[in-house]
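Report on the following structure.
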Amino acid sequence: MNLTLKIWRQKNNSDKGAFKEYKVEHISKDMSFLEMLDVLNEQLANKGEDPVHFDHDCREGICGMCSLYINGKPHGPEQTTTCQLHMRSFQDGEVVTIEPWRATAFPVLKDLVVNRSAFDRIIQAGGYVSVNTGGVPDANEIPIPKKIADEAFDSATCIGCGACVAACKNASAMLFVSAKVSQLALLPQGQVERKERVERMVSQMDAEGFGACSNTGACEAECPKGISVTNIARMNREYFSAVVTSDNI
Amino acid sequence: MSWVTKTLSSSLGKKLIMSLTGLFLIIFLVGHVTGNLQLFINDDGQAFNIYAKFMTTNPAVKILSYVTYIAIIGHVVYSIITTLANKKARPIGYQTSRASTNSAWTSRNMGVLGTIVLIFLVVHLQGFWYEMHWGNLPVVQYDGEEYKDLYSIVKFAFAEPLLVLLYVVAMVFLGLHLSHGFASAFQTLGLNHKKYTPAIVFLGRVFSVVVPALFASMPIYLYISSLN
Ligand code: HEM
Ligand code: FES
């Protein structure tokens, strides 16, 4: 298949940037979207032009590194990661618009690459469980009911790609933060830092410049891992109960 | 910053205020629509005027009305603060967006819908609420007691088709605001559970149709009566 690509090109963070059109030909329907971009970049490299920069790593749908706002949707038309999106989801001759995630908290570094370190700083603020060093504890020492383990695992499947932020009209990070808060709040190991965690993570999220939640549900609909907005409700409960009962005055 | 101001200025705290004030206004709407149903009584406005006097003089209702003013102001002020902050979180938009595939239009346009409701509120309050409190209303006597004849003002106002139209259109927008707002407010409070969320969503749908429709039926009814 042949495609016209409208791609956002931006030299660096301070560059204004603009869309540029490219043609790619003889694209196989079985290629992944990133492989299609590889074909384009090979063309550009052969012509001595600067290839299009985009993020990727595992290409297996598990690392959360790939991004791209494709034809008006994060990760494109299917509810999956861009690396797991295949060209069969597109029509021959289609014009495909490719943009970076747009959010104050995710500044564009180059072309389609944005800086998602804000997520890392939110995790650093409280998305962990402190464990004393010493002998390795027995794996199943702490009993966890299957139902709770499953629920925590569902939240833990968040790969932190930022599609929720990209999809949300407010560039809100609530789905990401709430998944991380939920995962640890559900498990016994997470109880010690439970209140402090949600307070710190929410305040870091605000400091990074993400928006509030309007409950549009766009994040859940676009999340490649199907993280549910029930996590956001849980985070709200966790936060409101933490602020009225924690020791932080 | 104390923990209270810190919480209320957080993104979650601001939405908590929007949710609580919104829910309070929803309860207010129930009372308001129920009381106003007395406009349908065929008694030349006696029941309505007696009710209107009670609503402006009873001390308990007075306190409640102050809470309502605060709720409206709080809801509007925080809606501006939140909406501006949300816009700031994405100053550069997308060239192509297919947001309609992942969310409801109403949920993405609460600010627009709310602003239209606000414009209506100003017209509405100026026409009736201001008149009742500070206007020069005609008076009527029931059983030797004097009452302001608010009914005559209402009846006169809704003989004007354009005002009727404004009210009906405004109620459509209120309905759209509530079709998202009702269930959204519970989600903001953290109340999301498979046991009762479907019921909340259903109740929200019914509420956002029935209550605005009842409100809209009043000017329509009074207009039709004015034709005879
Ligand atoms: C009787 C009148 C009104 C009622 C009953 C009402 C009710 C509600 C409710 C229940 C919510 C959901 C809160 C949440 O998501 O947690 C809401 C949201 C909202 N309201 Fe209202 N509202 C009214 C009037 C207004 C007015 C006059 C405005 C403003 C100008 C306004 C602006 C908004 C905005 C912008 C939101 C969404 C906030 C967000 O993005 O999350 N509302 N309203
Ligand atoms: S590259 Fe790892 S999830 Fe797409």
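Just remember, in the structure tokens the first chain shown is A, the second B, etc., residues are 1-based per chain, and ligands are 1-based in the order shown.
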
Residues of chain B that approach chain A to 9 Å or less, counting only C-alpha atoms: could you list each one with the shortest pair of atoms and its distance in Å to one decimal, rows by chain and increasing residue number, as a tab-separated table?
```
residue	atom	partner	partner_atom	distance
B:Ser2	CA	A:Ile249	CA	6.3
B:Trp3	CA	A:Ile249	CA	5.2
B:Val4	CA	A:Val243	CA	8.3
B:Thr7	CA	A:Val243	CA	7.2
B:Ser10	CA	A:Asp206	CA	6.8
B:Ser11	CA	A:Ala212	CA	5.2
B:Leu12	CA	A:Ala212	CA	6.9
B:Gly13	CA	A:Phe240	CA	8.2
B:Lys14	CA	A:Ala212	CA	8.4
B:Lys15	CA	A:Ala212	CA	7.5
B:Leu16	CA	A:Phe240	CA	8.9
B:Thr82	CA	A:Ala212	CA	7.1
B:Thr83	CA	A:Asn170	CA	8.4
B:Ala85	CA	A:Gly211	CA	6.4
B:Asn86	CA	A:Gly211	CA	4.6
B:Lys87	CA	A:Asn170	CA	6.3
B:Lys88	CA	A:Thr104	CA	7.3
B:Ala89	CA	A:Thr104	CA	5.1
B:Arg90	CA	A:Ala103	CA	4.7
B:Pro91	CA	A:Thr104	CA	6.9
B:Ile92	CA	A:Arg102	CA	6.5
B:Gly93	CA	A:Arg102	CA	6.6
B:Tyr94	CA	A:Arg102	CA	7.1
B:Gln95	CA	A:Gly72	CA	7.7
B:Thr96	CA	A:Gly72	CA	4.7
B:Ser97	CA	A:Gly72	CA	3.7
B:Arg98	CA	A:Gly72	CA	4.7
B:Ala99	CA	A:Gly72	CA	7.3
B:Thr101	CA	A:Ala218	CA	8.4
B:Asn102	CA	A:Ala218	CA	4.8
B:Ser103	CA	A:Ala218	CA	5.1
B:Ala104	CA	A:Thr216	CA	6.7
B:Trp105	CA	A:Thr216	CA	8.7
B:Thr106	CA	A:Thr216	CA	8.6
B:Ser107	CA	A:Thr216	CA	5.1
B:Arg108	CA	A:Thr216	CA	6.5
B:Met110	CA	A:Ser214	CA	8.6
B:His180	CA	A:Thr216	CA	8.4
B:Ser184	CA	A:Asn215	CA	6.0
B:Ala185	CA	A:Asn215	CA	8.8
B:Phe186	CA	A:Ala233	CA	8.7
B:Gln187	CA	A:Ala233	CA	5.6
B:Thr188	CA	A:Ala233	CA	6.5
B:Leu189	CA	A:Asn236	CA	6.5
B:Gly190	CA	A:Ala233	CA	3.9
B:Leu191	CA	A:Ala233	CA	6.3
B:Asn192	CA	A:Ala233	CA	6.0
B:His193	CA	A:Thr230	CA	7.6
```

Could you pull the residues within 12 Å of Gly17 in chain A, counting only C-alpha atoms, minus those fewer than 2 positions along the same chain, as a CSV table (one decimal) with N, CA, C and O atoms, in the first residue's frame?
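Just written: part-v1.csv:
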```
chain,number,residue,atom,x,y,z
A,7,ILE,N,3.8,14.5,9.0
A,7,ILE,CA,4.5,14.3,10.2
A,7,ILE,C,5.0,15.6,10.9
A,7,ILE,O,5.5,16.5,10.2
A,8,TRP,N,4.8,15.7,12.2
A,8,TRP,CA,5.3,16.9,12.9
A,8,TRP,C,6.8,16.8,13.0
A,8,TRP,O,7.4,15.9,13.5
A,9,ARG,N,7.5,17.9,12.4
A,9,ARG,CA,8.9,17.9,12.5
A,9,ARG,C,9.3,19.1,13.3
A,9,ARG,O,8.8,20.3,13.1
A,10,GLN,N,10.2,18.9,14.3
A,10,GLN,CA,10.6,20.0,15.2
A,10,GLN,C,12.0,19.7,15.6
A,10,GLN,O,12.3,18.6,16.2
A,11,LYS,N,13.0,20.6,15.3
A,11,LYS,CA,14.4,20.4,15.5
A,11,LYS,C,14.8,20.1,16.9
A,11,LYS,O,15.5,19.2,17.2
A,12,ASN,N,14.2,21.0,17.8
A,12,ASN,CA,14.5,20.8,19.2
A,12,ASN,C,13.4,21.5,20.0
A,12,ASN,O,12.4,22.0,19.4
A,13,ASN,N,13.5,21.5,21.3
A,13,ASN,CA,12.5,22.0,22.2
A,13,ASN,C,12.1,23.5,21.9
A,13,ASN,O,10.9,23.9,22.0
A,14,SER,N,13.1,24.3,21.5
A,14,SER,CA,12.8,25.7,21.3
A,14,SER,C,12.4,26.0,19.8
A,14,SER,O,11.9,27.1,19.5
A,15,ASP,N,12.5,25.0,18.9
A,15,ASP,CA,12.1,25.2,17.6
A,15,ASP,C,10.6,25.3,17.5
A,15,ASP,O,9.9,24.7,18.3
A,19,PHE,N,4.3,20.8,10.2
A,19,PHE,CA,4.1,19.5,9.6
A,19,PHE,C,4.8,19.4,8.3
A,19,PHE,O,4.9,20.4,7.6
A,20,LYS,N,5.3,18.2,8.0
A,20,LYS,CA,5.9,18.0,6.7
A,20,LYS,C,5.3,16.7,6.0
A,20,LYS,O,5.0,15.8,6.8
A,99,GLU,N,1.4,13.1,15.1
A,99,GLU,CA,1.8,14.2,16.0
A,99,GLU,C,2.4,13.7,17.3
A,99,GLU,O,2.1,12.5,17.7
A,100,PRO,N,3.1,14.5,18.0
A,100,PRO,CA,3.6,14.1,19.3
A,100,PRO,C,2.5,14.2,20.3
A,100,PRO,O,1.5,14.9,20.1
A,108,VAL,N,8.1,18.7,23.9
A,108,VAL,CA,8.6,18.0,22.8
A,108,VAL,C,10.1,18.2,22.8
A,108,VAL,O,10.6,19.3,22.9
A,109,LEU,N,10.9,17.1,22.6
A,109,LEU,CA,12.3,17.2,22.6
A,109,LEU,C,12.8,17.3,21.1
A,109,LEU,O,13.6,18.2,20.8
A,110,LYS,N,12.2,16.5,20.3
A,110,LYS,CA,12.6,16.5,18.8
A,110,LYS,C,11.5,15.7,18.1
A,110,LYS,O,11.1,14.6,18.5
A,111,ASP,N,11.0,16.3,17.0
A,111,ASP,CA,10.0,15.6,16.2
A,111,ASP,C,8.8,15.1,17.0
A,111,ASP,O,8.1,15.8,17.6
A,112,LEU,N,8.8,13.7,17.1
A,112,LEU,CA,7.7,13.1,17.8
A,112,LEU,C,8.1,12.6,19.2
A,112,LEU,O,7.3,11.9,19.8
B,92,ILE,N,-0.9,23.8,23.3
B,92,ILE,CA,-0.8,23.5,21.8
B,92,ILE,C,-1.7,22.3,21.6
B,92,ILE,O,-1.5,21.2,22.1
```

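Taking only C-alpha atoms and all ligand atoms into account, ligand 2 lies nearest to A:Cys161 out of the set A:Val136, A:Cys161, A:Leu5, A:Ala152.
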
Please identify all polymer residues within 7 Å of range 169-172 of chain B, counting only C-alpha atoms, omitting same-chain residues fewer than 4 positions from it, and present them as an mmCIF file with N, CA and C atoms, in the first residue's frame.
```cif
data_model
loop_
_atom_site.group_PDB
_atom_site.id
_atom_site.type_symbol
_atom_site.label_atom_id
_atom_site.label_comp_id
_atom_site.auth_asym_id
_atom_site.auth_seq_id
_atom_site.Cartn_x
_atom_site.Cartn_y
_atom_site.Cartn_z
ATOM 1 N N VAL B 117 -25.810 28.161 30.789
ATOM 2 C CA VAL B 117 -26.689 28.093 31.962
ATOM 3 C C VAL B 117 -26.523 29.357 32.808
ATOM 4 N N PHE B 120 -28.332 32.282 31.295
ATOM 5 C CA PHE B 120 -29.751 32.106 31.588
ATOM 6 C C PHE B 120 -30.056 32.501 33.030
ATOM 7 N N LEU B 165 -39.086 30.804 24.683
ATOM 8 C CA LEU B 165 -38.078 30.106 23.881
ATOM 9 C C LEU B 165 -36.738 30.073 24.617
ATOM 10 N N LEU B 176 -28.178 18.984 29.217
ATOM 11 C CA LEU B 176 -26.909 18.467 28.681
ATOM 12 C C LEU B 176 -25.807 18.563 29.737
ATOM 13 N N PRO B 212 -35.224 19.222 33.741
ATOM 14 C CA PRO B 212 -35.300 20.338 32.790
ATOM 15 C C PRO B 212 -36.635 20.368 32.027
ATOM 16 N N ALA B 216 -39.150 23.433 31.846
ATOM 17 C CA ALA B 216 -39.520 24.014 30.555
ATOM 18 C C ALA B 216 -41.032 23.993 30.340
#
```

Can you tell me, as a ChimeraX atom specification, which residues in range 11-167 of chain B count as strand (DSSP E) by DSSP?
/B:139-142,145-148

Give me the residues within 7 Å of Asp30 in chain A as number ranges by chain, counting only C-alpha atoms and dropping any in the same chain fewer than 5 places off.
A: 86-88

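You will find CA of Val30 in chain B at 9.4 Å from CA of Phe207 in chain B.
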
Could you check how far CA of Arg59 in chain A sits from atom 2 (Fe, counted along the ligand's line) of ligand 2, in Å to one decimal?
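For CA of Arg59 in chain A relative to atom 2 (Fe, counted along the ligand's line) of ligand 2, the distance reads 4.5 Å.
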
So which residues are near ligand 2, meaning at most 12 Å away with only C-alpha atoms and all ligand atoms counted, given back as a PyMOL selection string?
chain A and resi 32-35+54-68+75+80-85+157-163+223-225
